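upload_6.cif follows; it contains mmCIF, C-alpha atoms.
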```cif
data_start
#
loop_
_atom_site.label_atom_id
_atom_site.label_comp_id
_atom_site.auth_asym_id
_atom_site.auth_seq_id
_atom_site.Cartn_x
_atom_site.Cartn_y
_atom_site.Cartn_z
CA MET T 1 -10.05 89.79 78.94
CA GLY T 2 -8.37 92.82 80.36
CA GLU T 3 -5.74 94.64 78.38
CA ASN T 4 -2.39 92.78 78.42
CA ALA T 5 -3.88 89.91 80.47
CA VAL T 6 -2.49 86.62 79.27
CA SER T 7 -4.33 83.41 79.91
CA ARG T 8 -3.31 79.79 79.38
CA VAL T 9 -5.35 76.77 78.40
CA ARG T 10 -4.52 73.12 77.66
CA VAL T 11 -5.90 71.78 74.39
CA GLU T 12 -5.59 68.54 72.48
CA ILE T 13 -5.00 68.41 68.74
CA LEU T 14 -4.70 65.03 67.00
CA GLY T 15 -4.22 63.40 70.37
CA LYS T 16 -1.32 65.62 71.41
CA LYS T 17 -1.66 68.11 74.26
CA TYR T 18 -0.58 71.72 73.88
CA THR T 19 -0.63 74.76 76.15
CA LEU T 20 -1.91 77.87 74.41
CA ARG T 21 -1.28 81.36 75.74
CA GLY T 22 -3.10 84.43 74.59
CA ASP T 23 -4.78 87.65 75.50
CA VAL T 24 -8.17 86.31 74.45
CA ASP T 25 -10.81 84.32 76.29
CA THR T 26 -9.79 80.71 76.99
CA ASP T 27 -13.09 79.45 75.55
CA TYR T 28 -12.18 81.14 72.28
CA MET T 29 -8.74 79.49 72.24
CA VAL T 30 -10.35 76.10 72.94
CA SER T 31 -12.84 76.60 70.10
CA LEU T 32 -10.00 77.48 67.71
CA ALA T 33 -8.07 74.38 68.74
CA ARG T 34 -11.17 72.22 68.25
CA TYR T 35 -11.69 73.71 64.80
CA VAL T 36 -8.09 72.97 63.80
CA ASP T 37 -8.37 69.45 65.25
CA GLU T 38 -11.59 68.88 63.29
CA LYS T 39 -9.98 70.06 60.05
CA LEU T 40 -6.91 67.88 60.63
CA ARG T 41 -9.09 64.83 61.27
CA GLU T 42 -11.15 65.49 58.13
CA LEU T 43 -8.00 65.62 56.03
CA LYS T 44 -6.52 62.57 57.77
CA GLU T 45 -9.55 60.58 56.58
CA ILE T 46 -8.99 61.77 53.02
CA ALA T 47 -5.20 61.37 53.08
CA PRO T 48 -4.46 58.65 55.64
CA ASP T 49 -0.85 58.25 54.47
CA ALA T 50 0.01 61.92 54.97
CA ASP T 51 2.21 62.66 57.96
CA ASN T 52 1.14 65.24 60.54
CA THR T 53 3.41 67.92 59.08
CA LYS T 54 1.84 67.56 55.65
CA LEU T 55 -1.64 67.52 57.22
CA ALA T 56 -0.84 70.70 59.14
CA LEU T 57 0.35 72.40 55.96
CA LEU T 58 -2.78 71.31 54.10
CA VAL T 59 -5.00 72.64 56.88
CA ALA T 60 -3.04 75.91 56.90
CA LEU T 61 -3.55 76.28 53.15
CA ASN T 62 -7.26 75.51 53.45
CA LEU T 63 -7.66 78.00 56.31
CA ALA T 64 -5.71 80.63 54.35
CA ASP T 65 -8.10 80.05 51.46
CA GLU T 66 -11.11 80.51 53.78
CA LEU T 67 -9.60 83.70 55.21
CA HIS T 68 -8.73 85.09 51.80
CA ARG T 69 -12.26 84.45 50.53
CA ALA T 70 -13.75 86.09 53.62
CA LYS T 71 -11.50 89.17 53.32
CA SER T 72 -12.09 89.58 49.60
CA GLY T 73 -15.85 89.31 49.99
CA ALA T 74 -15.95 86.28 47.71
CA PRO T 75 -18.96 84.10 48.34
CA GLU T 76 -18.29 81.21 50.67
CA ILE T 77 -18.39 77.93 48.82
CA PRO T 78 -19.80 75.16 50.99
CA GLU T 79 -17.47 72.20 50.79
CA ASP T 80 -18.93 68.76 50.68
CA ALA T 81 -16.76 65.70 51.21
CA ALA T 82 -16.11 65.25 47.48
CA MET T 83 -14.99 68.86 47.02
CA LEU T 84 -12.77 68.69 50.10
CA LYS T 85 -11.22 65.46 48.86
CA GLU T 86 -10.54 66.93 45.41
CA LYS T 87 -9.04 70.11 46.91
CA THR T 88 -6.89 68.06 49.27
CA GLU T 89 -5.67 65.80 46.49
CA ARG T 90 -4.67 68.87 44.43
CA LEU T 91 -2.76 70.32 47.40
CA ILE T 92 -1.04 66.99 48.08
CA GLN T 93 -0.02 66.78 44.43
CA MET T 94 1.42 70.30 44.64
CA LEU T 95 3.37 69.34 47.76
CA GLU T 96 4.70 66.17 46.18
CA GLU T 97 5.70 67.99 43.00
CA GLY T 98 7.60 70.53 45.07
CA ILE T 99 5.46 73.47 43.99
CA VAL T 100 4.82 74.09 47.67
CA GLY T 101 7.50 72.71 49.94
CA THR T 102 11.14 72.86 50.84
CA ASN T 103 12.22 72.83 47.16
CA PHE T 104 9.95 75.69 46.16
CA GLN T 105 11.90 78.57 44.63
CA PRO T 106 9.85 81.77 44.25
CA LYS T 107 10.51 83.80 41.10
#
```

Would it be possible to restate this file's structure as structure tokens?
Amino acid sequence: MGENAVSRVRVEILGKKYTLRGDVDTDYMVSLARYVDEKLRELKEIAPDADNTKLALLVALNLADELHRAKSGAPEIPEDAAMLKEKTERLIQMLEEGIVGTNFQPK
């Protein structure tokens, strides 16, 4: 894309349509949206009672973990379904206990 050129693309995440705008290729934006949708659907299978806000937060935490590992040079740990489920259950427990959430008070 040219400098300062902004493109738009319609994507669907968890059945809801969104318009994304960015100064990157539309195919790239679509692939990001698909990746997020895939991650949300994986977690929805593991935590079917979680609402979409909680699912989005869980995906954000998982993606932040992936990014942090990539930036720190830590080896990527392939996640199988059991590991993903365990990780998700730990994050849900943290959310429910208020460690991460609206009641969280940083020191």

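Using all atoms listed in the file, the smallest distance between any of T:Leu40, T:Ala82, T:Asp23, T:Arg34 and T:Lys54 comes from T:Leu40.
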
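A straight-line distance of 19.9 Å separates atom CA of T:Ala5 from atom CA of T:Ala33.
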
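Distance check against T:Ala60 using all atoms listed in the file: of T:Lys39, T:Arg10, T:Lys87, T:Arg21, the minimum falls on T:Lys39.
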
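Candidate residues T:Leu14, T:Ser72, T:Thr26, T:Ser7 were compared for distance to T:Leu55, and the nearest is T:Leu14, using only C-alpha atoms.
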
Worksheet item: So what do you get for atom CA of T:Val6 versus atom CA of T:Asp25, distance-wise?
Response: 9.1 Å

Worksheet item: What gap, in Å, lies between atom CA of T:Ala74 and atom CA of T:Ser31?
Response: 24.6 Å

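Comparing the minimum interatomic distances between T:Lys17 and each of T:Leu67, T:Val30, T:Glu86, T:Glu42, counting all atoms listed in the file, we find that T:Val30 sits nearest.
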
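Nearest to T:Lys44 of all the residues T:Ala64, T:Leu58, T:Arg69, T:Leu20 is T:Leu58, based on all atoms listed in the file.
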